[in-house]
Structure formats: C-alpha cells, structure tokens
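Pasting work.txt here (compact mmCIF, C-alpha atoms):
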```txt
# COMPACT_ATOMS: atom_id res chain seq x y z
CA MET A 1 178.53 76.94 125.43
CA ASP A 2 176.82 75.41 122.42
CA ILE A 3 173.31 76.72 122.98
CA ASN A 4 170.72 78.91 121.33
CA ILE A 5 171.35 81.93 123.51
CA ALA A 6 168.21 83.81 122.43
CA ALA A 7 166.00 80.88 123.43
CA GLU A 8 167.96 80.18 126.61
CA GLY A 9 167.92 83.77 127.85
CA GLU A 10 164.18 84.08 127.31
CA ARG A 11 163.53 80.66 128.87
CA LEU A 12 165.47 81.63 131.99
CA TYR A 13 163.47 84.79 132.65
CA ARG A 14 160.13 83.13 131.87
CA SER A 15 161.10 80.30 134.22
CA LEU A 16 161.84 82.81 136.99
CA ILE A 17 158.46 84.51 136.53
CA ALA A 18 156.67 81.13 136.50
CA LYS A 19 158.34 80.18 139.80
CA ILE A 20 157.44 83.55 141.33
CA THR A 21 153.78 83.38 140.28
CA ALA A 22 153.65 79.80 141.64
CA CYS A 23 155.15 81.07 144.93
CA ASN A 24 157.82 78.37 144.63
CA TRP A 25 160.21 80.26 146.86
CA PRO A 26 162.97 77.62 147.21
CA ALA A 27 163.18 77.44 143.41
CA VAL A 28 163.17 81.24 143.17
CA ASP A 29 165.95 81.44 145.76
CA ALA A 30 168.03 78.93 143.78
CA MET A 31 167.92 81.18 140.70
CA PHE A 32 169.69 84.05 142.49
CA ALA A 33 173.49 83.86 142.56
CA PRO A 34 175.56 84.79 145.59
CA GLY A 35 176.68 88.37 145.00
CA PHE A 36 173.42 89.28 143.24
CA GLN A 37 172.46 92.97 143.16
CA SER A 38 169.55 94.83 141.61
CA ALA A 39 168.79 98.45 140.80
CA HIS A 40 165.39 100.10 140.85
CA ALA A 41 164.30 103.72 140.58
CA ASP A 42 164.32 103.95 144.38
CA GLY A 43 167.72 102.37 144.88
CA ALA A 44 169.88 99.26 144.91
CA ARG A 45 169.04 95.98 146.63
CA ASP A 46 171.12 93.01 147.69
CA ARG A 47 170.14 89.37 147.14
CA ALA A 48 168.18 88.91 150.38
CA THR A 49 166.28 92.20 150.05
CA GLU A 50 165.37 91.55 146.41
CA ILE A 51 164.00 88.07 147.14
CA GLN A 52 162.03 89.35 150.15
CA THR A 53 160.60 92.20 148.05
CA ILE A 54 159.49 89.74 145.35
CA MET A 55 157.86 87.52 147.98
CA ASP A 56 156.00 90.51 149.45
CA GLU A 57 154.88 91.96 146.10
CA LYS A 58 152.84 88.98 144.85
CA ILE A 59 153.53 89.67 141.18
CA ALA A 60 150.51 89.35 138.91
CA ASP A 61 150.51 87.90 135.39
CA CYS A 62 152.74 89.85 133.08
CA ILE A 63 153.41 90.12 129.38
CA LEU A 64 157.04 89.71 128.35
CA SER A 65 158.28 90.86 124.95
CA ASN A 66 161.20 92.23 122.91
CA PHE A 67 163.76 89.79 124.30
CA LYS A 68 167.33 90.44 123.23
CA VAL A 69 170.11 88.15 124.43
CA THR A 70 173.87 88.49 124.08
CA GLN A 71 176.63 86.25 125.40
CA SER A 72 179.99 87.03 126.99
CA GLY A 73 181.89 83.92 128.03
CA ASN A 74 179.79 82.12 130.60
CA CYS A 75 177.30 84.99 130.92
CA LEU A 76 174.04 85.84 129.20
CA VAL A 77 172.88 89.46 129.09
CA VAL A 78 169.12 89.62 128.62
CA THR A 79 166.97 92.68 127.99
CA HIS A 80 163.22 92.67 127.48
CA THR A 81 160.05 94.65 128.03
CA GLN A 82 157.62 93.74 130.80
CA SER A 83 154.07 94.87 131.43
CA VAL A 84 151.68 93.74 134.11
CA VAL A 85 148.36 92.36 132.85
CA GLU A 86 145.31 94.38 133.82
CA THR A 87 141.76 93.10 133.51
CA ILE A 88 139.35 95.83 132.40
CA ASP A 89 135.72 94.99 131.63
CA GLY A 90 136.69 91.34 131.61
CA LYS A 91 139.42 91.87 129.02
CA ARG A 92 143.05 91.10 129.79
CA LEU A 93 145.07 94.15 128.70
CA PRO A 94 148.74 95.00 129.08
CA GLY A 95 149.43 97.76 131.61
CA GLN A 96 152.31 100.22 131.56
CA SER A 97 155.38 98.55 130.12
CA SER A 98 158.97 99.09 131.17
CA PRO A 99 162.36 97.65 130.23
CA ARG A 100 164.25 95.07 132.28
CA LEU A 101 167.86 93.87 132.19
CA THR A 102 169.10 90.63 133.72
CA VAL A 103 172.53 88.98 133.69
CA TRP A 104 172.90 85.24 134.15
CA THR A 105 175.92 83.05 134.78
CA LYS A 106 176.41 79.30 135.07
CA ASN A 107 177.19 78.12 138.58
CA GLN A 108 177.94 74.39 138.95
CA GLY A 109 175.89 73.64 135.83
CA ASN A 110 172.91 75.78 136.77
CA TRP A 111 172.05 79.23 135.48
CA GLN A 112 171.80 81.87 138.18
CA MET A 113 170.96 85.55 137.95
CA VAL A 114 173.70 87.91 139.13
CA ALA A 115 172.02 91.23 138.34
CA LEU A 116 168.64 92.74 137.57
CA ALA A 117 167.62 96.28 136.64
CA ASN A 118 163.97 97.28 136.75
CA LEU A 119 163.29 100.47 134.82
CA ARG A 120 159.69 100.84 135.98
CA VAL A 121 159.22 104.47 136.95
CA ILE A 122 157.92 104.71 140.52
CA MET B 1 221.57 72.53 159.84
CA LYS B 2 223.01 75.40 157.82
CA PHE B 3 221.61 73.83 154.64
CA LEU B 4 218.17 73.50 156.23
CA SER B 5 218.04 77.13 157.41
CA THR B 6 219.24 78.32 153.99
CA PHE B 7 216.53 76.22 152.34
CA ILE B 8 213.83 77.67 154.62
CA LEU B 9 215.08 81.21 153.97
CA MET B 10 214.97 80.62 150.20
CA LEU B 11 211.48 79.17 150.51
CA CYS B 12 210.24 82.22 152.43
CA LEU B 13 211.84 84.60 149.93
CA SER B 14 210.37 82.83 146.92
CA SER B 15 206.88 82.68 148.41
CA SER B 16 206.96 86.41 149.24
CA LEU B 17 208.28 87.22 145.75
CA PHE B 18 205.54 85.29 143.97
CA ALA B 19 202.71 85.97 146.40
CA GLN B 20 199.64 87.38 144.66
CA PRO B 21 198.01 90.35 146.35
CA SER B 22 194.55 89.32 147.53
CA PHE B 23 191.79 90.44 145.18
CA ASN B 24 189.65 93.26 146.55
CA PRO B 25 186.34 93.34 144.59
CA GLN B 26 185.28 96.69 146.06
CA ALA B 27 188.51 98.42 145.07
CA GLU B 28 188.59 96.77 141.63
CA GLY B 29 184.95 97.64 140.90
CA GLU B 30 185.51 101.26 141.89
CA ARG B 31 188.67 101.42 139.76
CA LEU B 32 186.84 100.00 136.74
CA GLU B 33 183.93 102.43 137.12
CA ARG B 34 186.17 105.49 137.35
CA LEU B 35 188.18 104.26 134.36
CA TRP B 36 185.01 103.74 132.28
CA TRP B 37 183.47 107.09 133.20
CA ASP B 38 186.78 108.88 132.53
CA GLN B 39 186.94 107.21 129.11
CA GLN B 40 183.39 108.32 128.35
CA LYS B 41 184.06 111.86 129.54
CA ASN B 42 187.25 112.04 127.43
CA GLN B 43 185.56 110.28 124.49
CA ASP B 44 188.47 107.81 124.52
CA ILE B 45 187.11 105.53 121.82
CA ALA B 46 190.21 103.29 121.72
CA GLY B 47 189.99 102.72 125.48
CA LEU B 48 186.23 102.20 125.36
CA THR B 49 186.58 99.66 122.56
CA LYS B 50 188.82 97.57 124.82
CA ILE B 51 186.76 97.89 127.98
CA MET B 52 183.27 97.42 126.51
CA SER B 53 182.37 93.85 125.57
CA PRO B 54 180.91 93.11 122.11
CA ALA B 55 178.05 91.54 124.11
CA PHE B 56 177.39 94.82 125.95
CA GLN B 57 173.75 95.82 126.41
CA SER B 58 172.32 98.79 128.28
CA ILE B 59 168.86 99.90 129.28
CA ASN B 60 167.21 103.14 130.23
CA THR B 61 163.55 104.05 130.59
CA LYS B 62 163.23 104.18 126.77
CA GLY B 63 164.42 100.60 126.24
CA ALA B 64 167.50 98.54 125.44
CA GLN B 65 170.52 99.55 123.40
CA ASP B 66 173.48 97.58 122.02
CA LEU B 67 177.19 98.43 121.96
CA ALA B 68 177.10 100.25 118.60
CA PHE B 69 174.26 102.51 119.74
CA ASN B 70 176.04 103.32 123.01
CA MET B 71 179.29 104.13 121.23
CA ALA B 72 177.41 106.48 118.91
CA ILE B 73 175.83 108.24 121.92
CA ILE B 74 179.22 108.58 123.64
CA LYS B 75 180.74 110.09 120.48
CA ALA B 76 177.81 112.48 120.00
CA GLU B 77 177.13 113.65 123.56
CA LYS B 78 179.95 115.24 125.56
CA LEU B 79 179.73 114.40 129.26
CA GLY B 80 180.52 116.91 131.99
CA ASN B 81 182.33 116.24 135.26
CA TYR B 82 180.81 113.34 137.14
CA GLU B 83 180.47 112.48 140.81
CA LEU B 84 180.04 108.91 142.09
CA ALA B 85 178.58 107.92 145.46
CA ASN B 86 177.44 104.84 147.39
CA ILE B 87 179.43 102.43 145.22
CA LYS B 88 178.71 98.85 146.23
CA VAL B 89 180.56 95.99 144.58
CA THR B 90 179.79 92.29 144.88
CA GLN B 91 181.46 89.35 143.16
CA SER B 92 179.94 86.28 141.58
CA LYS B 93 182.67 84.08 140.10
CA ASP B 94 184.25 86.03 137.21
CA ASN B 95 181.74 88.85 137.47
CA LEU B 96 181.66 92.08 139.43
CA ILE B 97 178.24 93.60 140.04
CA VAL B 98 178.39 97.31 140.82
CA THR B 99 175.58 99.58 141.97
CA TYR B 100 176.16 103.26 142.60
CA GLN B 101 174.75 106.74 142.35
CA ILE B 102 175.99 109.30 139.86
CA LYS B 103 175.54 112.98 139.24
CA VAL B 104 176.59 113.91 135.71
CA PRO B 105 175.55 116.59 133.24
CA GLU B 106 174.54 114.64 130.13
CA ASN B 107 172.30 114.67 127.10
CA TYR B 108 170.48 111.74 125.54
CA LEU B 109 169.53 112.16 121.88
CA GLY B 110 169.49 115.92 122.32
CA LYS B 111 167.49 115.89 125.56
CA THR B 112 169.11 117.29 128.70
CA MET B 113 168.94 114.68 131.47
CA SER B 114 168.23 115.43 135.11
CA PRO B 115 171.47 116.48 136.85
CA LYS B 116 170.30 114.96 140.15
CA MET B 117 171.93 111.92 141.76
CA HIS B 118 170.38 108.70 140.47
CA TYR B 119 171.16 104.99 140.51
CA ARG B 120 173.08 102.88 138.01
CA LEU B 121 173.97 99.19 137.80
CA ASP B 122 176.90 97.72 135.89
CA VAL B 123 178.15 94.17 135.41
CA TRP B 124 181.81 93.46 134.60
CA ASN B 125 183.01 90.09 133.29
CA LYS B 126 186.63 88.91 133.34
CA SER B 127 187.82 87.03 130.28
CA ASP B 128 191.04 86.63 128.30
CA ALA B 129 190.43 90.24 127.21
CA GLY B 130 190.59 91.37 130.85
CA TRP B 131 187.71 93.08 132.63
CA GLN B 132 184.95 94.18 130.26
CA ILE B 133 181.63 95.79 131.02
CA ILE B 134 178.78 93.65 129.68
CA ALA B 135 175.70 95.40 131.07
CA HIS B 136 174.68 98.87 132.17
CA ALA B 137 171.39 100.21 133.53
CA ASN B 138 170.66 103.93 133.75
CA LEU B 139 167.81 104.63 136.18
CA ASN B 140 167.63 108.34 135.29
CA PRO B 141 164.15 108.81 133.75
CA ILE B 142 164.20 110.14 130.17
```
I'd like the structure from this file rewritten - as structure tokens, please.
Amino acid sequence: MDINIAAEGERLYRSLIAKITACNWPAVDAMFAPGFQSAHADGARDRATEIQTIMDEKIADCILSNFKVTQSGNCLVVTHTQSVVETIDGKRLPGQSSPRLTVWTKNQGNWQMVALANLRVI
Amino acid sequence: MKFLSTFILMLCLSSSLFAQPSFNPQAEGERLERLWWDQQKNQDIAGLTKIMSPAFQSINTKGAQDLAFNMAIIKAEKLGNYELANIKVTQSKDNLIVTYQIKVPENYLGKTMSPKMHYRLDVWNKSDAGWQIIAHANLNPI
C-alpha cells in the first residue's frame, strides 16, 4: 500500500463518526467487516450488537485527537483519544476523554473495521 | 481395469497425504493467546520479539503505547499465573479477532492492578512472519 497511513487512519475514523452522526446506517454498516468484534468495560460485542448499540446511542459531537497509526501488511492499527462535546453556558467544551483503538483491513478495495476497543470507564 | 483401479487408489492416497487440515479459528486464536501470555509470564523476549508485530499498538485507560513501551513493561513487571475465560475468536481474512476475560496478578508502572476478571481484545495478523499480534486492549482500569 503506497499511502500516507497517518492521514488514512485518521480519515477512516473521522469518516465513521461523520456517518454515525448523520445516521447514515447503510454506510455505517458497510464500514464493519465480517468477523468484527469490540471490547468495552462491560464486555465484548459482536458486529450486529455493536452496530445496534451505536444506532441506539445517538452519539453527540465529539473531539478526536492524538491519532497514532501503524501498518501491518494490509491492516492499519489506529489509536486516538475521544471526548464527547458538552455545551456549558453556551460554550462547547470537551467532556471526559478516553482512548480508543481500531483496526482496519482492506476488503475488496474498501477499508473495513475489524476491531474496536472503547476504554471509556463506565 | 487393473490400471484404472490402481490409478484411483494412487489418487486417493495422494489426496489424503497432501490434504490440509481445515483451519479452526477458535482453536488457533486460543493457542496464540496462551502462547503470548506464557511468553509474557516467562519474560521470553526472543519469543515475544517474533510474535509481536513492529506495528503493535496497545491501549489501556491511560492511553496508547507502542511495541517498545510494551516490551519495557513486560521486562520490568513480572506477571503471575493467569486464567483465561470466555475466549471468542472471529476471523476476517488474514486476521483473527479475539476477545476474552483474564484474571492475572500484574503491576503497571509500579501500580498493582485489580486482580478481578476483566475484558481484553487482541488482533492477530498473518503475514510471511507467521501470526503476529498487532493490537491489544486492556480494559482493566488503571
């Protein structure tokens, strides 16, 4: 792969968040690979459960930072920090931040996410 | 007729000799996890160097860490006996995604971690170097 992996990894996650906030569920679904699994403080989820949870949560605006991307063959490993935006006295402020990890692989020319870890403490 | 039956017999023998055992992702994922945790417990740096990808990244509640940082932690903090449970392995092309629970006495930068069962997620990628772990998430709060 002859790509800027740092830019590509960040673009992929930002694209996922944009599709989620736009409630573009078919596009969100297409970004999850068969075999996807996630891990959260309260347990592991399969592909269908994770997508349903995202659809039910109605994620608000969030601030994404500290992206770090590495590459292994056809995979990108992406870590970053995520905080949900809170509006206090009319000011948009970052809420509690927590780390995230996602792993992406190319499937028939399209990037798909195979794993996600959400380190937000519940 | 005799030639034909001999030919069929040879064909059957050759196909059984060269038949590949079907790949079992669950068994392979469990094998890889136990190998990796044994290597960590035994501080088998040579083994870990082979099984951990240069692209390896991990996260815990404090943030992300690269391969060099993780190797330093493994060398510095001796693990106790571990117990794995609820191992679930899925496959996506050349990747195995493994979620599981673990109970392990461990320290992180001098802090004793909770010894309770908690979740982990690992991703393994197969390349010319064989199976290598490329990502690890530790859901045990620090």
*Residues of chain A near chain B: apply a cut-off of 7 Å, count only C-alpha atoms, and supply the list as an MDAnalysis selection string.*
chainID A and resid 33:35 37 39:41 43:44 70:72 77 79 98:99 101 114:115 117 119
*Compare B:Ile102, B:Ile45, B:Trp131, B:Pro115 by their minimum atom-to-atom distance to Met71 of chain B, counting all atoms listed in the file, and give me the closest one.*
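Closest residue, counting all atoms listed in the file: B:Ile45.
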*Within 12 Å of Met55 of chain A, counting only C-alpha atoms, which residues qualify if same-chain residues fewer than 4 places away don't, as an NGL selection string?*
:A and (17 or 19-26 or 28-29 or 48-51 or 59-60)
*Interatomic distance (Å, one decimal) between atom CA of Trp104 of chain A and atom CA of Ala46 of chain B*: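 If I compute the distance from atom CA of Trp104 of chain A to atom CA of Ala46 of chain B, I get 27.9 Å.
Interatomic distance, atom CA of Leu84 of chain B against atom CA of His80 of chain A: 27.6 Å.
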*asked:* Please report the interatomic distance between atom CA of Ala129 of chain B and atom CA of Lys50 of chain B in Å with one decimal.
replied: 7.9 Å
*Which residue gives the smallest distance to Tyr13 of chain A among A:Thr102, A:Thr81, A:Asn110, A:Gln52, with only C-alpha atoms counted?*
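Using only C-alpha atoms, the shortest distance to Tyr13 of chain A belongs to A:Thr102.
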*Please provide the set of residues having any atom within 8 Å of Val104 of chain B, restricted to all atoms listed in the file, with same-chain residues fewer than 5 positions apart removed, written as a list in words.*
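Near Val104 of chain B, the qualifying residues are Leu79, Gly80, Asn81, Tyr82, Glu83, Pro115, Lys116 and Met117 of chain B.
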_For Ile63 of chain A, find every residue with an atom within 8 Å (counting all atoms listed in the file), except residues of its own chain fewer than 6 positions away, and show them as a ChimeraX atom specification._
/A:82-85,94
*Restricting the calculation to only C-alpha atoms, which member of B:Tyr108, B:Met52, B:Met113, B:Asp38 is positioned closest to Ile73 of chain B?*
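With only C-alpha atoms as the atom set, the closest residue is B:Tyr108.
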